[in-house]
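Structure file start_14.txt; described as compact mmCIF, C-alpha atoms.
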# COMPACT_ATOMS: atom_id res chain seq x y z
CA MET Z 1 29.64 -34.93 18.44
CA GLY Z 2 25.96 -34.53 19.19
CA ASP Z 3 23.57 -37.16 20.37
CA ILE Z 4 22.33 -39.73 17.89
CA ILE Z 5 18.71 -39.00 17.08
CA GLU Z 6 16.43 -41.86 16.14
CA LEU Z 7 13.60 -40.73 13.91
CA THR Z 8 10.58 -42.75 12.92
CA HIS Z 9 8.98 -42.75 9.50
CA ASP Z 10 6.26 -40.41 10.84
CA ASP Z 11 8.93 -38.08 12.26
CA LEU Z 12 10.59 -37.85 8.85
CA VAL Z 13 7.25 -37.18 7.16
CA ASN Z 14 6.50 -34.39 9.65
CA ILE Z 15 9.94 -32.84 9.15
CA GLU Z 16 9.36 -32.85 5.39
CA LEU Z 17 5.94 -31.23 5.88
CA LEU Z 18 7.59 -28.51 7.99
CA LYS Z 19 10.18 -27.88 5.28
CA ARG Z 20 7.41 -27.53 2.72
CA LEU Z 21 5.61 -25.06 5.00
CA LYS Z 22 8.72 -22.86 5.25
CA TYR Z 23 9.34 -23.06 1.50
CA ARG Z 24 5.68 -22.09 0.84
CA TYR Z 25 6.07 -19.13 3.24
CA LEU Z 26 9.10 -17.92 1.24
CA ARG Z 27 7.50 -18.46 -2.17
CA CYS Z 28 4.31 -16.67 -1.17
CA LEU Z 29 6.34 -13.82 0.32
CA ASP Z 30 8.44 -13.31 -2.81
CA LEU Z 31 5.45 -13.63 -5.17
CA LYS Z 32 3.31 -11.37 -2.97
CA MET Z 33 0.64 -14.07 -2.63
CA TRP Z 34 -0.74 -12.53 0.54
CA ASP Z 35 -3.82 -14.72 1.04
CA ASP Z 36 -1.81 -17.91 0.60
CA LEU Z 37 0.92 -16.55 2.87
CA ALA Z 38 -1.62 -15.79 5.61
CA GLU Z 39 -2.68 -19.44 5.55
CA CYS Z 40 0.82 -20.43 6.70
CA PHE Z 41 0.25 -18.79 10.13
CA THR Z 42 -1.85 -19.55 13.18
CA SER Z 43 -4.31 -16.76 13.97
CA ASP Z 44 -2.27 -15.86 17.09
CA ALA Z 45 1.16 -16.15 15.44
CA THR Z 46 3.97 -13.80 16.40
CA ALA Z 47 6.86 -12.46 14.34
CA SER Z 48 10.13 -10.71 15.11
CA TYR Z 49 11.99 -9.48 12.05
CA GLY Z 50 15.37 -7.75 11.95
CA GLY Z 51 16.55 -8.99 15.34
CA GLY Z 52 13.45 -7.63 17.06
CA ALA Z 53 13.31 -4.25 15.30
CA TYR Z 54 9.87 -5.21 13.96
CA GLN Z 55 7.63 -7.28 16.24
CA PHE Z 56 4.05 -8.33 15.62
CA ASP Z 57 1.35 -10.20 17.51
CA GLY Z 58 -1.30 -11.98 15.49
CA ARG Z 59 -1.55 -13.10 11.87
CA ASP Z 60 -3.41 -9.93 10.85
CA ALA Z 61 -0.66 -7.66 12.21
CA ILE Z 62 2.06 -9.73 10.55
CA MET Z 63 0.25 -9.69 7.22
CA GLU Z 64 -0.45 -5.95 7.39
CA PHE Z 65 3.27 -5.30 7.91
CA LEU Z 66 4.32 -7.60 5.07
CA ARG Z 67 1.71 -6.23 2.63
CA THR Z 68 2.59 -2.64 3.49
CA SER Z 69 6.37 -2.98 3.54
CA MET Z 70 6.79 -5.44 0.65
CA GLY Z 71 3.67 -5.00 -1.47
CA SER Z 72 5.08 -2.76 -4.18
CA GLU Z 73 5.80 -4.51 -7.47
CA SER Z 74 8.91 -2.35 -7.73
CA MET Z 75 10.31 -4.24 -4.72
CA LEU Z 76 11.69 -7.53 -6.00
CA THR Z 77 12.71 -10.06 -3.37
CA SER Z 78 14.38 -13.44 -3.25
CA HIS Z 79 14.45 -15.26 0.08
CA ARG Z 80 16.26 -18.60 0.29
CA CYS Z 81 16.25 -20.70 3.44
CA HIS Z 82 18.44 -23.74 3.76
CA HIS Z 83 20.26 -25.96 6.26
CA PRO Z 84 17.14 -26.59 8.35
CA GLU Z 85 17.51 -27.90 11.89
CA ILE Z 86 14.03 -29.08 12.77
CA ASP Z 87 13.20 -30.58 16.15
CA LEU Z 88 9.89 -32.26 16.89
CA VAL Z 89 9.01 -31.20 20.44
CA ASP Z 90 5.96 -33.46 20.63
CA ALA Z 91 3.27 -34.78 18.29
CA ASP Z 92 1.88 -31.29 17.60
CA SER Z 93 4.74 -28.84 18.06
CA ALA Z 94 8.19 -28.31 16.59
CA THR Z 95 10.98 -25.78 16.30
CA GLY Z 96 13.16 -24.90 13.36
CA THR Z 97 16.36 -22.98 12.75
CA TRP Z 98 17.02 -21.96 9.15
CA ALA Z 99 19.88 -20.17 7.40
CA LEU Z 100 18.54 -17.30 5.24
CA ASP Z 101 20.12 -15.58 2.27
CA ASP Z 102 18.08 -12.79 0.74
CA VAL Z 103 18.26 -10.12 -1.92
CA VAL Z 104 15.91 -7.14 -2.17
CA ILE Z 105 15.92 -4.97 -5.28
CA LEU Z 106 14.31 -1.56 -4.74
CA SER Z 107 14.02 -0.54 -8.37
CA ASP Z 108 12.23 2.75 -7.60
CA PHE Z 109 15.21 3.81 -5.48
CA GLY Z 110 18.00 2.19 -7.51
CA LEU Z 111 19.16 0.14 -4.52
CA THR Z 112 19.92 -3.49 -3.78
CA ILE Z 113 20.01 -4.90 -0.27
CA GLN Z 114 21.41 -8.32 0.42
CA GLY Z 115 22.20 -10.22 3.53
CA SER Z 116 22.21 -13.33 5.61
CA ALA Z 117 20.39 -14.27 8.78
CA PHE Z 118 19.10 -17.14 10.86
CA TYR Z 119 15.37 -17.72 11.28
CA GLU Z 120 14.08 -19.20 14.54
CA ASP Z 121 10.60 -20.64 14.08
CA ARG Z 122 8.00 -22.44 16.18
CA TYR Z 123 5.36 -24.62 14.59
CA VAL Z 124 2.13 -26.19 15.81
CA ARG Z 125 -0.16 -28.72 14.22
CA VAL Z 126 -3.78 -27.56 14.11
CA ASP Z 127 -6.45 -29.94 12.82
CA GLY Z 128 -3.74 -32.13 11.30
CA ARG Z 129 -1.98 -29.27 9.48
CA TRP Z 130 1.37 -27.69 10.43
CA LEU Z 131 1.32 -23.89 10.81
CA ILE Z 132 3.81 -21.22 11.85
CA ALA Z 133 3.20 -20.08 15.44
CA HIS Z 134 6.27 -17.82 15.52
CA THR Z 135 8.83 -16.71 12.99
CA GLY Z 136 11.70 -14.31 13.24
CA TYR Z 137 15.24 -13.71 12.14
CA ARG Z 138 18.39 -12.02 13.33
CA ARG Z 139 20.90 -10.74 10.78
CA ILE Z 140 24.43 -12.03 10.41
CA TYR Z 141 25.03 -9.17 7.99
CA GLU Z 142 23.17 -6.82 5.68
CA GLU Z 143 24.62 -4.58 3.02
CA MET Z 144 23.19 -2.08 0.59
CA TYR Z 145 24.55 -0.61 -2.61
CA PRO Z 146 23.29 1.69 -5.36
CA ARG Z 147 22.57 -0.33 -8.48
CA GLU Z 148 24.24 2.34 -10.63
CA SER Z 149 27.54 1.57 -8.89
CA VAL Z 150 27.76 -1.79 -10.72
CA ASP Z 151 28.90 -1.20 -14.31
CA GLY Z 152 26.53 -2.71 -16.84
CA LEU Z 153 23.97 -3.86 -14.26
CA ARG Z 154 20.50 -3.89 -15.77
CA LEU Z 155 17.30 -5.60 -14.67
CA THR Z 156 16.26 -7.79 -17.62
CA ALA Z 157 13.28 -9.63 -16.12
CA SER Z 158 10.78 -9.40 -13.30
CA TRP Z 159 7.70 -11.37 -12.39
CA TRP Z 160 5.55 -8.25 -12.72
CA GLY Z 161 7.36 -6.04 -15.24
CA THR Z 162 8.02 -8.66 -17.93
CA ASP Z 163 5.77 -11.50 -16.73
CA GLY Z 164 8.97 -13.31 -15.74
CA ARG Z 165 10.36 -13.33 -19.29
CA SER Z 166 13.94 -12.24 -19.84
CA GLU Z 167 14.60 -9.40 -22.27
CA LEU Z 168 17.92 -11.03 -23.19
CA GLN Z 169 18.14 -12.44 -26.69
CA ALA Z 170 20.22 -15.57 -27.34
Mind turning this structure into structure tokens?
Amino acid sequence: MGDIIELTHDDLVNIELLKRLKYRYLRCLDLKMWDDLAECFTSDATASYGGGAYQFDGRDAIMEFLRTSMGSESMLTSHRCHHPEIDLVDADSATGTWALDDVVILSDFGLTIQGSAFYEDRYVRVDGRWLIAHTGYRRIYEEMYPRESVDGLRLTASWWGTDGRSELQA
């Protein structure tokens, strides 16, 4: 068993604020809300995606990579982080480990990629607001399959293609 951790009311509020920051990061990423996503990072943030295959220094470099690699509306993504382990280092810094499950549909290429990973994040509070100072993940697994290999598989809705409305009729 681990040590018993005593958390104050303020600690719990800060942990909840950090969860909301990570959830906003994921929502903005999936909805391609680049300006809002950029506001989640410190100006000198760093990122290491894919176990270090893609490393970036500075918010601008991170955002350029994300816009370029994920900006196409034919790339549909769903990132879900859960099971957060957030540690408050001091009043203005924290760390977080998150389980990630993600699905990427590359409709132009007829491919789906799905996988699982763990994010390791560092956070700092700047002018009273929590921001991401570092984010990165390392894969547990990743798999890819051609969408045509799944009998009957058909994309019936997308945020951009159908304004989020399903083509299915009840």
Residue with smallest distance to Z:Ala117 - pool Z:Pro146, Z:Ile5, Z:His83, Z:Thr68, counting only C-alpha atoms: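 The closest residue to Z:Ala117 is Z:His83.
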Contacts of Z:Gly110 at 7 Å (all atoms listed in the file; same-chain gap of 4+ positions) as a VMD selection string: chain Z and resid 106 146 to 148
Shell around Z:Ala38 at 12 Å using only C-alpha atoms, local window under 5 positions removed, as a list in words: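 Non-adjacent residues within range: Leu21, Arg24, Tyr25, Leu26, Cys28, Leu29, Lys32, Met33, Ser43, Asp44, Ala45, Gly58, Arg59, Asp60, Ala61, Ile62, Met63, Glu64, Phe65, Leu66, Arg67, Leu131, Ile132 and Ala133 of chain Z.
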Spatial neighbours of Z:Thr97, max dist 7 Å, all atoms listed in the file, sep filter under 4 positions, as a list in words: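 Answer for this query is Pro84, Glu85, Ile86, Phe118, Tyr119, Glu120 and Asp121 of chain Z.
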Write the selection just made, keeping C-alpha atoms, as a PDB file, in the coordinates of the input?
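Here's the written file part_30.pdb:
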ATOM      1  CA  PRO Z  84      17.140 -26.590   8.350  1.00  0.00           C
ATOM      2  CA  GLU Z  85      17.510 -27.900  11.890  1.00  0.00           C
ATOM      3  CA  ILE Z  86      14.030 -29.080  12.770  1.00  0.00           C
ATOM      4  CA  PHE Z 118      19.100 -17.140  10.860  1.00  0.00           C
ATOM      5  CA  TYR Z 119      15.370 -17.720  11.280  1.00  0.00           C
ATOM      6  CA  GLU Z 120      14.080 -19.200  14.540  1.00  0.00           C
ATOM      7  CA  ASP Z 121      10.600 -20.640  14.080  1.00  0.00           C
TER       8      ASP Z 121
END
Nearest to Z:Val126 by atom-to-atom distance, counting all atoms listed in the file, from Z:Thr95, Z:Thr42, Z:Ser158, Z:Ser78: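 Closest residue, counting all atoms listed in the file: Z:Thr42.
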9 Å contact set for Z:Tyr141, all atoms listed in the file, chain neighbours under 6 positions out, as a PyMOL selection string: chain Z and resi 114-117
Between atom CA of Z:Val124 and atom CA of Z:Lys22, distance in Å (one decimal):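 Between these atoms lies a distance of 12.9 Å.
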Proximity to Z:Asp11 - best of Z:Cys40, Z:Leu88, Z:Met75, Z:Leu155, only C-alpha atoms: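 For Z:Asp11, the nearest of the candidates is Z:Leu88.
Here the question is which of Z:Asp127, Z:Gly50, Z:Asp35, Z:Asp108 gets nearest to Z:Ser72 using all atoms listed in the file, and that residue is Z:Asp108.
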Residue among Z:Leu76, Z:Cys81, Z:Ile140, Z:Ala170 lying closest to Z:Phe109, counting all atoms listed in the file: Z:Leu76
Z:Ala91, Z:Ile4, Z:Ala53, Z:Ile15 ranked by distance to Z:Gly136, top pick (using only C-alpha atoms):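 When distances to Z:Gly136 are compared using only C-alpha atoms, the smallest one comes from Z:Ala53.
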Atom CA of Z:Tyr123 to atom CA of Z:Ala94, distance in Å rounded to a single decimal: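 Taking atom CA of Z:Tyr123 and atom CA of Z:Ala94, their separation equals 5.1 Å.
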Contacts of Z:Leu17 within 9 Å, all atoms listed in the file, excl. fewer than 5 positions in-chain, as JSON, numbers by chain: {"Z": [12, 22, 129, 130]}
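For the atom pair formed by atom CA of Z:Thr135 and atom CA of Z:Thr46, the distance is 6.6 Å, given to one decimal.
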Where atoms are missing, can you supply N, CA and C atoms for stretch 66-92 of chain Z and output the lot as an mmCIF file, keeping the file's coordinate frame?
data_model
loop_
_atom_site.group_PDB
_atom_site.id
_atom_site.type_symbol
_atom_site.label_atom_id
_atom_site.label_comp_id
_atom_site.auth_asym_id
_atom_site.auth_seq_id
_atom_site.Cartn_x
_atom_site.Cartn_y
_atom_site.Cartn_z
ATOM 1 N N LEU Z 66 3.718 -7.055 6.286
ATOM 2 C CA LEU Z 66 4.320 -7.600 5.070
ATOM 3 C C LEU Z 66 3.701 -6.980 3.816
ATOM 4 N N ARG Z 67 2.383 -6.850 3.795
ATOM 5 C CA ARG Z 67 1.710 -6.230 2.630
ATOM 6 C C ARG Z 67 2.168 -4.784 2.445
ATOM 7 N N THR Z 68 2.242 -4.056 3.547
ATOM 8 C CA THR Z 68 2.590 -2.640 3.490
ATOM 9 C C THR Z 68 4.058 -2.435 3.126
ATOM 10 N N SER Z 69 4.942 -3.209 3.741
ATOM 11 C CA SER Z 69 6.370 -2.980 3.540
ATOM 12 C C SER Z 69 6.912 -3.647 2.278
ATOM 13 N N MET Z 70 6.241 -4.693 1.786
ATOM 14 C CA MET Z 70 6.790 -5.440 0.650
ATOM 15 C C MET Z 70 5.815 -5.560 -0.515
ATOM 16 N N GLY Z 71 4.715 -4.828 -0.472
ATOM 17 C CA GLY Z 71 3.670 -5.000 -1.470
ATOM 18 C C GLY Z 71 3.933 -4.385 -2.827
ATOM 19 N N SER Z 72 4.827 -3.437 -2.909
ATOM 20 C CA SER Z 72 5.080 -2.760 -4.180
ATOM 21 C C SER Z 72 5.715 -3.715 -5.190
ATOM 22 N N GLU Z 73 5.223 -3.683 -6.415
ATOM 23 C CA GLU Z 73 5.800 -4.510 -7.470
ATOM 24 C C GLU Z 73 7.170 -4.018 -7.900
ATOM 25 N N SER Z 74 7.560 -2.834 -7.444
ATOM 26 C CA SER Z 74 8.910 -2.350 -7.730
ATOM 27 C C SER Z 74 9.923 -2.874 -6.704
ATOM 28 N N MET Z 75 9.431 -3.578 -5.687
ATOM 29 C CA MET Z 75 10.310 -4.240 -4.720
ATOM 30 C C MET Z 75 10.354 -5.723 -5.088
ATOM 31 N N LEU Z 76 11.500 -6.142 -5.588
ATOM 32 C CA LEU Z 76 11.690 -7.530 -6.000
ATOM 33 C C LEU Z 76 12.512 -8.230 -4.928
ATOM 34 N N THR Z 77 12.025 -9.371 -4.454
ATOM 35 C CA THR Z 77 12.710 -10.060 -3.370
ATOM 36 C C THR Z 77 12.982 -11.516 -3.716
ATOM 37 N N SER Z 78 14.036 -12.023 -3.137
ATOM 38 C CA SER Z 78 14.380 -13.440 -3.250
ATOM 39 C C SER Z 78 14.888 -13.905 -1.896
ATOM 40 N N HIS Z 79 14.094 -14.719 -1.231
ATOM 41 C CA HIS Z 79 14.450 -15.260 0.080
ATOM 42 C C HIS Z 79 14.721 -16.752 -0.082
ATOM 43 N N ARG Z 80 15.874 -17.194 0.374
ATOM 44 C CA ARG Z 80 16.260 -18.600 0.290
ATOM 45 C C ARG Z 80 16.663 -19.099 1.665
ATOM 46 N N CYS Z 81 15.904 -20.055 2.174
ATOM 47 C CA CYS Z 81 16.250 -20.700 3.440
ATOM 48 C C CYS Z 81 16.805 -22.086 3.154
ATOM 49 N N HIS Z 82 17.790 -22.454 3.949
ATOM 50 C CA HIS Z 82 18.440 -23.740 3.760
ATOM 51 C C HIS Z 82 19.057 -24.191 5.081
ATOM 52 N N HIS Z 83 19.642 -25.359 5.074
ATOM 53 C CA HIS Z 83 20.260 -25.960 6.260
ATOM 54 C C HIS Z 83 19.295 -26.003 7.451
ATOM 55 N N PRO Z 84 18.096 -26.563 7.246
ATOM 56 C CA PRO Z 84 17.140 -26.590 8.350
ATOM 57 C C PRO Z 84 17.572 -27.535 9.474
ATOM 58 N N GLU Z 85 17.351 -27.071 10.688
ATOM 59 C CA GLU Z 85 17.510 -27.900 11.890
ATOM 60 C C GLU Z 85 16.138 -27.925 12.547
ATOM 61 N N ILE Z 86 15.402 -28.981 12.293
ATOM 62 C CA ILE Z 86 14.030 -29.080 12.770
ATOM 63 C C ILE Z 86 13.962 -30.107 13.890
ATOM 64 N N ASP Z 87 13.378 -29.695 15.002
ATOM 65 C CA ASP Z 87 13.200 -30.580 16.150
ATOM 66 C C ASP Z 87 11.718 -30.736 16.436
ATOM 67 N N LEU Z 88 11.275 -31.974 16.512
ATOM 68 C CA LEU Z 88 9.890 -32.260 16.890
ATOM 69 C C LEU Z 88 9.832 -32.284 18.407
ATOM 70 N N VAL Z 89 9.113 -31.321 18.979
ATOM 71 C CA VAL Z 89 9.010 -31.200 20.440
ATOM 72 C C VAL Z 89 8.069 -32.276 20.970
ATOM 73 N N ASP Z 90 6.927 -32.405 20.325
ATOM 74 C CA ASP Z 90 5.960 -33.460 20.630
ATOM 75 C C ASP Z 90 5.137 -33.691 19.368
ATOM 76 N N ALA Z 91 4.039 -34.408 19.483
ATOM 77 C CA ALA Z 91 3.270 -34.780 18.290
ATOM 78 C C ALA Z 91 2.709 -33.576 17.538
ATOM 79 N N ASP Z 92 2.531 -32.443 18.230
ATOM 80 C CA ASP Z 92 1.880 -31.290 17.600
ATOM 81 C C ASP Z 92 2.661 -29.992 17.715
#
